[in-house]
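Trainee: For reference, the structure I am asking about is given below.
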Amino acid sequence: MDEVVAPLGTVLKHVQVREYVRDLVQDLPEGAPAPSERELMQRFGVARMTVRQAIDALVSEGLLERAPARGTFVCKSPRPMTRPMSFTEDARARGWTTTSTETLQHGLGQAGPGVAKALGITAGDAVIHWRRRRRLDGVPLCYQDVYLNEVLLPGVLQAGLPESLYSSLAARGLRPTVAEDQLTADVANAVDADLLDLRIGDAVLRHSRRGLVGDAVIELSRSVYAGSRFTWWVPLSVAP
């Protein structure tokens, strides 16, 4: 077995693993196998989550591709982004098979000024609020607050909470076709720390999205990700 690499810095572990794998596979042919998670965990003496964060970044670049039940392989074929992706679709693209979702809160409420402005409605209008926590391998990855324009989705709560919000919206012809996303680096507050099993002051990523169908805003979501457990990626392509 290879000798374990000297301990890495506490902040850039996944970056060092990522660049090691990048150097290792950059000259390999399409379809060649990449190092396994177990091999990288042993070599660098790091947790599986750290290795996955490094591999996720290379998958997002199009340098690697996951094949379910087979492993990870050299790809070098960038994936174009054709539409806004839900968390479930994003997780599937990353090859995650051990995610779970927990509903923390849901119901009908009144839009505050910020939510109302984002949804293009009047403060005090009815909105659907749904808070969920997402886990990977049982570890909290993020929590999300979703606000939906109740006028556009009559009876949605009576139908029961869907497993996939975007699939439910698609069934109504209201899946977002355009998204306005904002991403901000921040530190965890007391709520973040409690919901994500972090310490106050730990790094987090705050993501907000307005999902639109035509000119109508159907969705406002605000998500908080544990910064040490998640790499943000956006596949892009040049229009023909």
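Numbering starts fresh at 1 for the residues of each chain in the structure tokens, the chains themselves are lettered A, B, ... in the order given, and ligands are numbered from 1 as they appear.
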For Glu37 (chain A), please output as a short mmCIF file (atom, residue, chain, number, x, y, z; two decimals) with all heavy atoms, in the first residue's frame all residues within 9 Å (counting only C-alpha atoms; exclusion window: fewer than 6 positions along the same chain).
Mentor:
```cif
data_model
loop_
_atom_site.label_atom_id
_atom_site.label_comp_id
_atom_site.auth_asym_id
_atom_site.auth_seq_id
_atom_site.Cartn_x
_atom_site.Cartn_y
_atom_site.Cartn_z
N ARG A 48 -14.22 10.48 3.49
CA ARG A 48 -14.86 10.26 2.19
C ARG A 48 -15.49 11.55 1.65
O ARG A 48 -15.46 11.81 0.46
CB ARG A 48 -15.93 9.17 2.32
CG ARG A 48 -16.59 8.78 0.99
CD ARG A 48 -17.64 7.70 1.19
NE ARG A 48 -17.05 6.50 1.74
CZ ARG A 48 -16.49 5.54 1.01
NH1 ARG A 48 -16.43 5.67 -0.30
NH2 ARG A 48 -16.00 4.47 1.60
N VAL A 51 -12.94 13.60 -0.21
CA VAL A 51 -12.63 13.03 -1.52
C VAL A 51 -13.76 13.30 -2.50
O VAL A 51 -13.52 13.67 -3.65
CB VAL A 51 -12.37 11.51 -1.39
CG1 VAL A 51 -12.29 10.86 -2.76
CG2 VAL A 51 -11.09 11.26 -0.60
N ARG A 52 -15.00 13.15 -2.05
CA ARG A 52 -16.14 13.38 -2.95
C ARG A 52 -16.20 14.83 -3.40
O ARG A 52 -16.56 15.12 -4.54
CB ARG A 52 -17.44 12.98 -2.25
CG ARG A 52 -17.61 11.48 -2.15
CD ARG A 52 -18.98 11.09 -1.65
NE ARG A 52 -19.18 9.66 -1.71
CZ ARG A 52 -20.25 9.03 -1.27
NH1 ARG A 52 -21.25 9.74 -0.73
NH2 ARG A 52 -20.36 7.72 -1.36
N ILE A 55 -13.65 15.13 -6.17
CA ILE A 55 -14.09 14.45 -7.40
C ILE A 55 -15.26 15.20 -8.03
O ILE A 55 -15.33 15.34 -9.26
CB ILE A 55 -14.48 13.00 -7.11
CG1 ILE A 55 -13.26 12.20 -6.60
CG2 ILE A 55 -15.05 12.33 -8.35
CD1 ILE A 55 -12.11 12.14 -7.57
#
```
Trainee: Which residues are near Arg38 (chain A)? Cut-off 12 Å, only C-alpha atoms, ignore same chain within fewer than 3 positions. Put them as number ranges by chain.
Mentor: A: 1, 34-35, 41-52, 71
Trainee: Export, as a short mmCIF file (atom, residue, chain, number, x, y, z; two decimals), in the first residue's frame, the selected residues with all heavy atoms.
Mentor:
```
data_model
loop_
_atom_site.label_atom_id
_atom_site.label_comp_id
_atom_site.auth_asym_id
_atom_site.auth_seq_id
_atom_site.Cartn_x
_atom_site.Cartn_y
_atom_site.Cartn_z
N MET A 1 0.85 -1.20 0.00
CA MET A 1 0.00 0.00 0.00
C MET A 1 0.88 1.24 0.00
O MET A 1 1.90 1.29 0.68
CB MET A 1 -0.92 -0.01 1.24
CG MET A 1 -1.87 1.18 1.30
SD MET A 1 -3.14 0.98 2.60
CE MET A 1 -2.12 0.69 4.05
N ALA A 34 -10.38 6.38 -13.03
CA ALA A 34 -9.77 7.32 -12.09
C ALA A 34 -9.52 6.60 -10.77
O ALA A 34 -10.08 5.54 -10.52
CB ALA A 34 -10.70 8.52 -11.88
N PRO A 35 -8.67 7.16 -9.91
CA PRO A 35 -8.46 6.53 -8.60
C PRO A 35 -9.77 6.39 -7.84
O PRO A 35 -10.65 7.25 -7.93
CB PRO A 35 -7.51 7.50 -7.89
CG PRO A 35 -6.88 8.30 -8.97
CD PRO A 35 -7.88 8.40 -10.07
N MET A 41 -8.75 8.19 -0.08
CA MET A 41 -8.90 8.35 1.37
C MET A 41 -7.66 7.83 2.09
O MET A 41 -7.17 8.45 3.03
CB MET A 41 -10.15 7.61 1.84
CG MET A 41 -11.47 8.26 1.42
SD MET A 41 -12.89 7.15 1.67
CE MET A 41 -12.79 6.86 3.44
N GLN A 42 -7.17 6.67 1.66
CA GLN A 42 -6.00 6.07 2.30
C GLN A 42 -4.74 6.87 2.00
O GLN A 42 -3.90 7.09 2.87
CB GLN A 42 -5.85 4.62 1.83
CG GLN A 42 -6.95 3.69 2.32
CD GLN A 42 -6.82 2.29 1.77
OE1 GLN A 42 -6.12 2.05 0.78
NE2 GLN A 42 -7.50 1.34 2.40
N ARG A 43 -4.61 7.30 0.77
CA ARG A 43 -3.40 8.01 0.37
C ARG A 43 -3.25 9.34 1.09
O ARG A 43 -2.17 9.72 1.52
CB ARG A 43 -3.39 8.22 -1.15
CG ARG A 43 -2.14 8.97 -1.63
CD ARG A 43 -2.07 9.06 -3.14
NE ARG A 43 -0.84 9.72 -3.54
CZ ARG A 43 0.35 9.14 -3.65
NH1 ARG A 43 0.47 7.86 -3.38
NH2 ARG A 43 1.41 9.82 -4.02
N PHE A 44 -4.38 10.07 1.22
CA PHE A 44 -4.31 11.40 1.81
C PHE A 44 -4.74 11.44 3.28
O PHE A 44 -4.62 12.48 3.93
CB PHE A 44 -5.18 12.38 1.01
CG PHE A 44 -4.56 12.78 -0.30
CD1 PHE A 44 -4.82 12.05 -1.45
CD2 PHE A 44 -3.71 13.87 -0.39
CE1 PHE A 44 -4.24 12.40 -2.67
CE2 PHE A 44 -3.13 14.24 -1.60
CZ PHE A 44 -3.39 13.49 -2.75
N GLY A 45 -5.26 10.32 3.79
CA GLY A 45 -5.69 10.30 5.18
C GLY A 45 -6.83 11.25 5.46
O GLY A 45 -6.86 11.93 6.48
N VAL A 46 -7.81 11.30 4.54
CA VAL A 46 -8.94 12.22 4.67
C VAL A 46 -10.25 11.44 4.65
O VAL A 46 -10.30 10.25 4.34
CB VAL A 46 -8.94 13.27 3.54
CG1 VAL A 46 -7.71 14.16 3.62
CG2 VAL A 46 -9.02 12.59 2.17
N ALA A 47 -11.34 12.13 4.98
CA ALA A 47 -12.67 11.52 5.02
C ALA A 47 -13.24 11.37 3.61
O ALA A 47 -12.82 12.05 2.66
CB ALA A 47 -13.60 12.37 5.87
N ARG A 48 -14.22 10.48 3.49
CA ARG A 48 -14.86 10.26 2.19
C ARG A 48 -15.49 11.55 1.65
O ARG A 48 -15.46 11.81 0.46
CB ARG A 48 -15.93 9.17 2.32
CG ARG A 48 -16.59 8.78 0.99
CD ARG A 48 -17.64 7.70 1.19
NE ARG A 48 -17.05 6.50 1.74
CZ ARG A 48 -16.49 5.54 1.01
NH1 ARG A 48 -16.43 5.67 -0.30
NH2 ARG A 48 -16.00 4.47 1.60
N MET A 49 -16.07 12.37 2.54
CA MET A 49 -16.70 13.62 2.10
C MET A 49 -15.69 14.53 1.42
O MET A 49 -16.00 15.20 0.42
CB MET A 49 -17.33 14.34 3.29
CG MET A 49 -18.18 15.55 2.94
SD MET A 49 -19.75 15.11 2.19
CE MET A 49 -20.61 14.45 3.62
N THR A 50 -14.46 14.57 1.93
CA THR A 50 -13.41 15.41 1.34
C THR A 50 -13.06 14.92 -0.06
O THR A 50 -12.91 15.71 -1.01
CB THR A 50 -12.16 15.40 2.23
OG1 THR A 50 -12.50 15.92 3.51
CG2 THR A 50 -11.05 16.25 1.62
N VAL A 51 -12.94 13.60 -0.21
CA VAL A 51 -12.63 13.03 -1.52
C VAL A 51 -13.76 13.30 -2.50
O VAL A 51 -13.52 13.67 -3.65
CB VAL A 51 -12.37 11.51 -1.39
CG1 VAL A 51 -12.29 10.86 -2.76
CG2 VAL A 51 -11.09 11.26 -0.60
N ARG A 52 -15.00 13.15 -2.05
CA ARG A 52 -16.14 13.38 -2.95
C ARG A 52 -16.20 14.83 -3.40
O ARG A 52 -16.56 15.12 -4.54
CB ARG A 52 -17.44 12.98 -2.25
CG ARG A 52 -17.61 11.48 -2.15
CD ARG A 52 -18.98 11.09 -1.65
NE ARG A 52 -19.18 9.66 -1.71
CZ ARG A 52 -20.25 9.03 -1.27
NH1 ARG A 52 -21.25 9.74 -0.73
NH2 ARG A 52 -20.36 7.72 -1.36
N GLY A 71 -17.81 2.95 -11.34
CA GLY A 71 -16.71 3.77 -10.87
C GLY A 71 -16.67 5.12 -11.55
O GLY A 71 -17.67 5.57 -12.13
#
```
Trainee: If you run DSSP over the backbone, which residues in region 42-218 of chain A end up helix (DSSP H, G or I)? Put them as a PyMOL selection string.
Mentor: chain A and resi 42-44+48-61+87-94+113-119+150-152+165-171+190-196
Trainee: Give me the residues within 7 Å of region 123-137 of chain A as a ChimeraX atom specification, counting only C-alpha atoms and dropping any in the same chain fewer than 2 places off.
Mentor: /A:98-113,116,121,139-150
Trainee: Using only C-alpha atoms, which residue out of A:Ala32, A:Leu152, A:Ala216, A:Ala188 lies closest to Ser228 (chain A)?
Mentor: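 So, comparing all the options, the nearest one is A:Ala188.
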Trainee: Rounded to one decimal, what separation in Å do you get between CA of Gly120 (chain A) and CA of Ile218 (chain A)?
Mentor: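 These two atoms are separated by 9.4 Å.
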Trainee: Can you pull out the residues contacting Ile200 (chain A)? Cut-off 7 Å, using only C-alpha atoms, and skip same-chain residues under 2 positions away; I want them as number ranges by chain.
Mentor: A: 188-190, 193, 198, 202
Trainee: Got time to write the residues from that selection, all heavy atoms, as a CSV table (one decimal), in the first residue's frame?
Mentor:
```csv
chain,number,residue,atom,x,y,z
A,188,ALA,N,-21.5,30.6,9.4
A,188,ALA,CA,-22.7,30.1,10.0
A,188,ALA,C,-23.2,30.9,11.2
A,188,ALA,O,-22.4,31.3,12.1
A,188,ALA,CB,-22.5,28.6,10.4
A,189,ASN,N,-24.5,31.1,11.2
A,189,ASN,CA,-25.2,31.7,12.4
A,189,ASN,C,-25.7,30.6,13.3
A,189,ASN,O,-25.5,29.4,13.0
A,189,ASN,CB,-26.2,32.7,12.0
A,189,ASN,CG,-27.3,32.1,11.2
A,189,ASN,OD1,-27.7,31.0,11.3
A,189,ASN,ND2,-27.9,32.9,10.2
A,190,ALA,N,-26.5,30.9,14.3
A,190,ALA,CA,-27.0,29.9,15.2
A,190,ALA,C,-27.9,29.0,14.6
A,190,ALA,O,-27.9,27.7,14.8
A,190,ALA,CB,-27.6,30.6,16.4
A,193,ALA,N,-25.9,26.6,12.2
A,193,ALA,CA,-25.1,25.7,13.0
A,193,ALA,C,-26.0,24.5,13.6
A,193,ALA,O,-25.6,23.4,13.5
A,193,ALA,CB,-24.4,26.4,14.2
A,198,LEU,N,-23.0,22.3,12.5
A,198,LEU,CA,-21.8,23.1,12.4
A,198,LEU,C,-21.5,23.9,13.7
A,198,LEU,O,-22.3,23.9,14.6
A,198,LEU,CB,-21.9,24.1,11.2
A,198,LEU,CG,-22.1,23.5,9.8
A,198,LEU,CD1,-22.4,24.6,8.9
A,198,LEU,CD2,-20.9,22.7,9.4
A,202,ASP,N,-18.4,28.7,11.3
A,202,ASP,CA,-18.0,27.8,10.2
A,202,ASP,C,-18.4,28.4,8.8
A,202,ASP,O,-19.4,29.1,8.7
A,202,ASP,CB,-18.5,26.4,10.4
A,202,ASP,CG,-17.8,25.6,11.4
A,202,ASP,OD1,-16.8,26.1,11.9
A,202,ASP,OD2,-18.2,24.5,11.8
```
Trainee: CA of His207 (chain A) to CA of Gln182 (chain A): how many Å, to one decimal?
Mentor: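 Rounded to one decimal, the two atoms are 5.6 Å apart.
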Trainee: So that I can check the secondary structure, give me every residue of chain A assigned strand (DSSP E or B) by backbone DSSP, as a PyMOL selection string.
Mentor: chain A and resi 33+64-67+71-74+99-110+126-136+139-149+178-187+203-213+216-226
Trainee: Using only C-alpha atoms, which residue out of A:Ser86, A:Ser36, A:Gln26, A:Thr122 lies closest to Arg70 (chain A)?
Mentor: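 Between A:Ser86, A:Ser36, A:Gln26, A:Thr122, the residue approaching Arg70 (chain A) most closely is A:Ser36.
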Trainee: Find the distance between CA of Asp56 (chain A) and CA of Arg94 (chain A) and write it in Å to one decimal.
Mentor: 6.3 Å
Trainee: As number ranges by chain, please: the residues near region 163-168 of chain A (cut-off 8 Å, only C-alpha atoms, same-chain neighbours under 4 positions excluded).
Mentor: A: 86, 88, 172, 175-176
Trainee: Just checking: using only C-alpha atoms, which residue out of A:Ala170, A:Cys75, A:Ala67, A:Val213 ends up closest to Val25 (chain A)?
Mentor: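 The shortest atom-to-atom distance to Val25 (chain A) comes from A:Cys75.
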